>>> print(open('final_24.csv').read())   # CSV, C-alpha atoms
chain,number,residue,atom,x,y,z
M,177,MET,CA,-138.0,-86.5,-48.2
M,178,HIS,CA,-137.4,-85.4,-51.8
M,179,ILE,CA,-138.8,-82.0,-51.0
M,180,ARG,CA,-136.4,-81.6,-48.1
M,181,ASP,CA,-133.5,-82.8,-50.2
M,182,ASP,CA,-134.5,-80.3,-52.9
M,183,LEU,CA,-134.7,-77.5,-50.4
M,184,GLY,CA,-131.4,-78.4,-49.0
M,185,LYS,CA,-129.8,-78.3,-52.4
M,186,TYR,CA,-131.5,-75.0,-53.2
M,187,HIS,CA,-130.2,-73.5,-49.9
M,188,ALA,CA,-126.7,-74.8,-50.6
M,189,GLY,CA,-126.9,-73.3,-54.1
M,190,LEU,CA,-128.0,-69.9,-52.6
M,191,ARG,CA,-125.2,-70.1,-50.0
M,192,GLU,CA,-122.6,-70.8,-52.7
M,193,THR,CA,-123.9,-68.0,-54.8
M,194,TYR,CA,-123.8,-65.6,-51.9
M,195,ILE,CA,-120.2,-66.6,-51.1
M,196,ILE,CA,-119.2,-66.0,-54.7
M,197,ILE,CA,-121.0,-62.6,-54.8
M,198,SER,CA,-119.4,-61.6,-51.5
M,199,LYS,CA,-115.9,-62.4,-52.7
M,200,ASN,CA,-116.5,-60.6,-55.9
M,201,ARG,CA,-118.5,-57.7,-54.6
M,202,SER,CA,-116.2,-54.9,-55.9
M,203,PHE,CA,-115.9,-56.6,-59.3
M,204,LEU,CA,-119.7,-56.8,-59.5
M,205,HIS,CA,-120.1,-53.2,-58.4
M,206,GLU,CA,-117.7,-52.1,-61.1
M,207,TYR,CA,-119.4,-54.3,-63.7
M,208,LEU,CA,-122.9,-53.0,-62.9
M,209,GLU,CA,-121.6,-49.4,-62.9
M,210,GLY,CA,-120.0,-50.0,-66.3
M,211,SER,CA,-123.3,-51.6,-67.6
M,212,VAL,CA,-125.3,-48.6,-66.4
M,213,ARG,CA,-122.8,-46.2,-68.1
M,214,GLU,CA,-123.0,-48.1,-71.4
M,215,SER,CA,-126.8,-48.3,-71.3
M,216,ILE,CA,-126.9,-44.5,-70.8
M,217,ARG,CA,-124.4,-44.0,-73.7
M,218,CYS,CA,-126.5,-46.3,-75.9
M,219,LYS,CA,-129.6,-44.3,-75.1
M,220,GLU,CA,-127.8,-41.0,-75.9
M,221,LEU,CA,-126.4,-42.5,-79.1
M,222,ILE,CA,-129.8,-43.8,-80.3
M,223,SER,CA,-131.4,-40.4,-79.5
M,224,GLY,CA,-128.6,-38.7,-81.4
M,225,LEU,CA,-129.0,-41.0,-84.4
M,226,LEU,CA,-132.8,-40.3,-84.4
M,227,ASP,CA,-132.1,-36.6,-84.3
M,228,PHE,CA,-129.5,-36.9,-87.0
M,229,SER,CA,-131.6,-39.0,-89.3
M,230,ARG,CA,-134.8,-36.9,-89.1
M,231,GLN,CA,-133.5,-33.4,-89.4
M,232,LYS,CA,-136.4,-31.4,-90.6
M,233,GLU,CA,-136.5,-28.4,-92.9
M,234,PRO,CA,-136.4,-25.3,-90.7
M,235,LYS,CA,-139.7,-23.7,-89.8
M,236,MET,CA,-138.7,-20.1,-90.5
M,237,GLU,CA,-140.0,-17.3,-88.4
M,238,LEU,CA,-138.9,-13.8,-87.6
M,239,SER,CA,-136.6,-14.0,-84.5
M,240,ASN,CA,-133.8,-12.1,-82.8
M,241,VAL,CA,-130.6,-14.0,-81.9
M,242,ASN,CA,-130.0,-11.8,-78.9
M,243,ASN,CA,-133.3,-13.0,-77.5
M,244,LEU,CA,-132.4,-16.7,-78.3
M,245,ILE,CA,-129.1,-16.4,-76.4
M,246,ASP,CA,-130.8,-14.8,-73.4
M,247,ASN,CA,-133.4,-17.5,-73.3
M,248,VAL,CA,-130.7,-20.3,-73.4
M,249,LEU,CA,-128.5,-18.6,-70.8
M,250,ASN,CA,-131.4,-18.0,-68.5
M,251,ILE,CA,-131.9,-21.8,-68.4
M,252,VAL,CA,-128.3,-23.0,-68.1
M,253,GLU,CA,-126.4,-20.1,-66.5
M,254,LYS,CA,-127.1,-21.2,-62.9
M,255,GLN,CA,-125.8,-24.7,-63.6
M,256,TYR,CA,-122.7,-23.2,-65.2
M,257,HIS,CA,-122.1,-21.1,-62.2
M,258,LYS,CA,-122.3,-24.2,-59.9
M,259,GLU,CA,-119.5,-25.6,-62.1
M,260,LYS,CA,-117.4,-22.5,-61.4
M,261,ILE,CA,-117.8,-21.1,-64.9
M,262,ASP,CA,-118.2,-17.3,-65.4
M,263,VAL,CA,-120.6,-16.4,-68.2
M,264,ILE,CA,-120.1,-13.2,-70.2
M,265,ARG,CA,-122.8,-11.8,-72.5
M,266,LYS,CA,-121.7,-9.6,-75.4
M,267,PRO,CA,-124.8,-8.8,-77.5
M,268,ASP,CA,-124.7,-6.4,-80.4
M,269,SER,CA,-127.6,-3.9,-79.9
M,270,ASN,CA,-127.8,-3.4,-83.7
M,271,ILE,CA,-128.7,-7.0,-84.4
M,272,PRO,CA,-131.8,-7.1,-86.8
M,273,ASP,CA,-134.6,-9.6,-86.6
M,274,CYS,CA,-134.2,-12.2,-89.3
M,275,MET,CA,-135.9,-15.4,-90.5
M,276,MET,CA,-134.8,-18.7,-88.7
M,277,ASP,CA,-136.1,-21.7,-86.9
M,278,SER,CA,-135.6,-20.5,-83.4
M,279,HIS,CA,-135.9,-24.0,-81.9
M,280,GLN,CA,-133.1,-25.4,-84.1
M,281,ILE,CA,-130.8,-22.4,-83.5
M,282,ASP,CA,-131.4,-22.9,-79.7
M,283,GLN,CA,-130.2,-26.5,-80.2
M,284,VAL,CA,-127.1,-25.4,-82.0
M,285,ILE,CA,-126.3,-22.9,-79.2
M,286,ILE,CA,-126.8,-25.4,-76.5
M,287,ASN,CA,-124.7,-28.1,-78.2
M,288,ILE,CA,-121.7,-25.7,-78.7
M,289,ALA,CA,-122.0,-24.2,-75.2
M,290,ASN,CA,-122.1,-27.7,-73.6
M,291,ASN,CA,-119.0,-28.7,-75.5
M,292,ALA,CA,-117.3,-25.5,-74.4
M,293,VAL,CA,-118.2,-26.2,-70.8
M,294,PHE,CA,-116.8,-29.8,-71.0
M,295,ALA,CA,-113.6,-28.5,-72.6
M,296,MET,CA,-113.1,-26.1,-69.7
M,297,GLN,CA,-113.8,-28.7,-67.1
M,298,GLU,CA,-111.3,-31.1,-68.7
M,299,ALA,CA,-108.7,-28.4,-69.0
M,300,ALA,CA,-109.2,-27.4,-65.4
M,301,GLY,CA,-108.8,-31.0,-64.3
M,302,ASP,CA,-105.5,-31.4,-66.2
M,303,LEU,CA,-104.1,-28.1,-64.7
M,304,GLU,CA,-105.3,-28.8,-61.2
M,305,HIS,CA,-103.1,-32.0,-61.2
M,306,LYS,CA,-100.2,-29.6,-61.8
M,307,GLY,CA,-101.3,-27.2,-59.1
M,308,VAL,CA,-102.3,-24.6,-61.6
M,309,TYR,CA,-105.7,-22.8,-61.6
M,310,ARG,CA,-107.1,-21.1,-64.7
M,311,LYS,CA,-110.4,-19.1,-64.7
M,312,ARG,CA,-113.2,-20.8,-66.7
M,313,VAL,CA,-115.0,-18.2,-68.8
M,314,LEU,CA,-117.8,-18.8,-71.4
M,315,THR,CA,-118.4,-15.8,-73.6
M,316,MET,CA,-121.4,-15.6,-75.8
M,317,GLY,CA,-122.4,-12.8,-78.0
M,318,THR,CA,-123.5,-11.5,-81.4
M,319,LYS,CA,-122.3,-9.2,-84.2
M,320,PHE,CA,-124.1,-7.7,-87.2
M,321,HIS,CA,-122.0,-7.7,-90.4
M,322,ALA,CA,-124.2,-5.1,-92.3
M,323,ASP,CA,-121.9,-5.2,-95.4
M,324,LYS,CA,-122.3,-9.0,-95.8
M,325,LYS,CA,-125.9,-9.1,-94.5
M,326,LEU,CA,-124.8,-11.6,-91.9
M,327,VAL,CA,-125.7,-12.1,-88.3
M,328,GLU,CA,-123.0,-13.8,-86.2
M,329,ILE,CA,-123.3,-15.7,-82.9
M,330,PHE,CA,-120.0,-16.4,-81.3
M,331,ILE,CA,-119.3,-18.7,-78.4
M,332,SER,CA,-115.8,-18.7,-76.8
M,333,ASP,CA,-114.3,-20.7,-74.0
M,334,THR,CA,-111.0,-20.9,-72.1
M,335,GLY,CA,-110.7,-24.6,-72.4
M,336,LYS,CA,-107.8,-26.7,-73.6
M,337,GLY,CA,-108.3,-25.9,-77.3
M,338,ILE,CA,-108.5,-28.3,-80.3
M,339,ASN,CA,-105.4,-29.6,-82.1
M,340,LYS,CA,-105.2,-29.1,-85.9
M,341,TYR,CA,-105.8,-32.7,-86.7
M,342,ASN,CA,-109.0,-32.8,-84.7
M,343,LEU,CA,-110.1,-29.4,-85.9
M,344,GLY,CA,-110.7,-30.8,-89.4
M,345,LYS,CA,-112.9,-33.6,-88.0
M,346,ILE,CA,-115.1,-32.1,-85.4
M,347,PHE,CA,-118.1,-31.9,-87.6
M,348,ASP,CA,-117.8,-35.5,-88.8
M,349,PRO,CA,-120.6,-37.8,-87.5
M,350,PHE,CA,-119.5,-39.9,-84.4
M,351,PHE,CA,-116.2,-38.0,-84.0
M,352,THR,CA,-115.4,-37.2,-80.3
M,353,ALA,CA,-112.2,-36.3,-78.5
M,354,ARG,CA,-113.7,-36.9,-75.1
M,355,LYS,CA,-111.5,-39.1,-72.9
M,356,ASP,CA,-114.3,-40.1,-70.5
M,357,GLY,CA,-116.1,-42.2,-73.1
M,358,LYS,CA,-119.2,-40.0,-72.9
M,359,GLY,CA,-120.8,-38.1,-75.8
M,360,THR,CA,-122.1,-39.5,-79.1
M,361,GLY,CA,-120.0,-37.5,-81.5
M,362,LEU,CA,-123.2,-36.2,-83.1
M,363,GLY,CA,-123.9,-32.9,-81.5
M,364,LEU,CA,-121.6,-30.8,-83.7
M,365,SER,CA,-122.6,-32.8,-86.8
M,366,ILE,CA,-126.3,-32.1,-86.2
M,367,SER,CA,-125.5,-28.4,-85.5
M,368,TYR,CA,-123.5,-28.1,-88.7
M,369,GLY,CA,-126.4,-29.7,-90.6
M,370,ILE,CA,-128.9,-27.2,-89.1
M,371,ILE,CA,-126.8,-24.2,-90.0
M,372,LYS,CA,-126.3,-25.4,-93.5
M,373,MET,CA,-130.1,-25.8,-93.9
M,374,HIS,CA,-130.3,-22.2,-92.9
M,375,GLU,CA,-127.8,-21.5,-95.7
M,376,GLY,CA,-125.3,-20.3,-93.1
M,377,ASN,CA,-121.9,-21.5,-91.9
M,378,ILE,CA,-120.0,-22.4,-88.8
M,379,GLU,CA,-116.3,-21.3,-88.4
M,380,VAL,CA,-114.0,-22.4,-85.7
M,381,GLU,CA,-110.8,-20.9,-84.3
M,382,SER,CA,-108.8,-22.7,-81.7
M,383,GLU,CA,-105.5,-22.5,-79.9
M,384,GLU,CA,-104.2,-25.4,-77.8
M,385,GLY,CA,-103.9,-24.5,-74.2
M,386,LYS,CA,-105.9,-21.3,-74.6
M,387,GLY,CA,-109.4,-22.0,-75.9
M,388,THR,CA,-111.8,-22.2,-78.8
M,389,THR,CA,-114.3,-19.8,-80.5
M,390,PHE,CA,-117.2,-21.0,-82.6
M,391,ARG,CA,-118.8,-18.5,-85.0
M,392,ILE,CA,-122.3,-19.2,-86.3
M,393,LEU,CA,-123.0,-17.1,-89.4
M,394,LEU,CA,-126.6,-16.7,-90.6
M,395,PRO,CA,-127.9,-14.7,-93.6
M,396,VAL,CA,-130.1,-11.8,-92.7
M,397,ARG,CA,-133.6,-12.2,-94.2
M,398,THR,CA,-136.7,-10.5,-93.1
M,399,GLY,CA,-139.2,-12.4,-95.1
M,400,LYS,CA,-139.8,-15.9,-96.4
M,401,SER,CA,-138.5,-15.0,-99.9
M,402,HIS,CA,-134.7,-14.5,-100.3
M,403,GLU,CA,-133.6,-11.0,-100.3
>>> encode(input="final_24.csv", output="structure tokens")
Amino acid sequence: MHIRDDLGKYHAGLRETYIIISKNRSFLHEYLEGSVRESIRCKELISGLLDFSRQKEPKMELSNVNNLIDNVLNIVEKQYHKEKIDVIRKPDSNIPDCMMDSHQIDQVIINIANNAVFAMQEAAGDLEHKGVYRKRVLTMGTKFHADKKLVEIFISDTGKGINKYNLGKIFDPFFTARKDGKGTGLGLSISYGIIKMHEGNIEVESEEGKGTTFRILLPVRTGKSHE
């Protein structure tokens, strides 16, 4: 008798729980979606923090930045095209080989390119609401400044641009201007740290409503000792 009563109570409890869930299905769906989003964001943040905290000294080897850009674009270009982004390559054929950590420079190029792609997607979304279409173009190339012994990698986009206030903060850890809540705010900070460890610099030019250009400047060295 007790078992039957207990089963009856258990069934009643399940039924009540089912009714509550049924009535609040949309709320639970939104709650679970939000939980998944936040767990992904936490994972990205932890991964970014680990990368940020254990930045290693560059393992210098003789590399060519034109080859690095080609390798990166060969991986991501198809995906960019799916997102209706035209990719233009502008390599300088006079670029010399120089000492760098090619894996770290790859990471910098990808971080900046992905930011550029997001900026163009966000700008396109804002304009499409107004019935305006603007072409999305990612331009990536190189220049050799022989007089300064510098190699330049430039990455330009036709996104919404960066306002002057944010422009002074983009390399700060955890700073992000993304409206969708995604991103850790560490990508550009890590990139800046990598370039500084290469004794180089990153310059940024931006105009609101038109786009942004990042210039990565690396010293030309052909051996492990400084020239």
>>> atom_distance(input="final_24.csv", atom1="CA of Phe390 (chain M)", atom2="CA of Arg265 (chain M)")
14.8 Å
>>> closest_residue(input="final_24.csv", among="M:Gln283, M:Thr334, M:Asn270, M:Thr315", to="Glu298 (chain M)", atoms="only C-alpha atoms")
M:Thr334
>>> residues_near_point(input="final_24.csv", point="(-134.3, -8.5, -79.4)", cutoff="9 Å", atoms="all atoms listed in the file", output="ChimeraX atom specification")
/M:239-244,269,271-273
>>> atom_distance(input="final_24.csv", atom1="CA of Thr388 (chain M)", atom2="CA of Lys254 (chain M)")
22.1 Å
>>> residues_around(input="final_24.csv", residues="region 335-341 of chain M", least_positions_apart="6", cutoff="10 Å", atoms="only C-alpha atoms", output="list in words")
Asn291, Ala292, Val293, Phe294, Ala295, Met296, Gln297, Glu298, Ala299, Ala300, Asp302, Leu303, Arg310, Lys311, Arg312, Val313, Leu314, Ala353, Val380, Glu381, Ser382, Glu383, Glu384, Gly385, Lys386, Gly387, Thr388 and Thr389 of chain M
>>> atom_distance(input="final_24.csv", atom1="CA of Lys235 (chain M)", atom2="CA of Phe347 (chain M)")
23.2 Å
>>> residues_around(input="final_24.csv", residues="Glu237 (chain M)", least_positions_apart="2", cutoff="9 Å", atoms="all atoms listed in the file", output="PyMOL selection string")
chain M and resi 235+239+274-278+398-400
>>> residues_around(input="final_24.csv", residues="Met316 (chain M)", least_positions_apart="2", cutoff="7 Å", atoms="all atoms listed in the file", output="JSON, numbers by chain")
{"M": [264, 265, 266, 314, 330, 331, 332]}
>>> residues_around(input="final_24.csv", residues="Leu326 (chain M)", least_positions_apart="5", cutoff="6 Å", atoms="only C-alpha atoms", output="list in words")
His321, Leu394, Pro395 and Val396 of chain M
>>> write_last_selection(input="final_24.csv", atoms="C-alpha atoms", output="compact mmCIF listing (two decimals), in the coordinates of the input")
# COMPACT_ATOMS: atom_id res chain seq x y z
CA HIS M 321 -122.00 -7.70 -90.40
CA LEU M 394 -126.60 -16.70 -90.60
CA PRO M 395 -127.90 -14.70 -93.60
CA VAL M 396 -130.10 -11.80 -92.70
>>> residues_around(input="final_24.csv", residues="Ile392 (chain M)", least_positions_apart="6", cutoff="7 Å", atoms="all atoms listed in the file", output="list in words")
Glu328, Ile329, Phe330, Asn377, Ile378 and Glu379 of chain M
>>> closest_residue(input="final_24.csv", among="M:Val252, M:Met236, M:Ala289, M:Leu393", to="Lys325 (chain M)", atoms="only C-alpha atoms")
M:Leu393
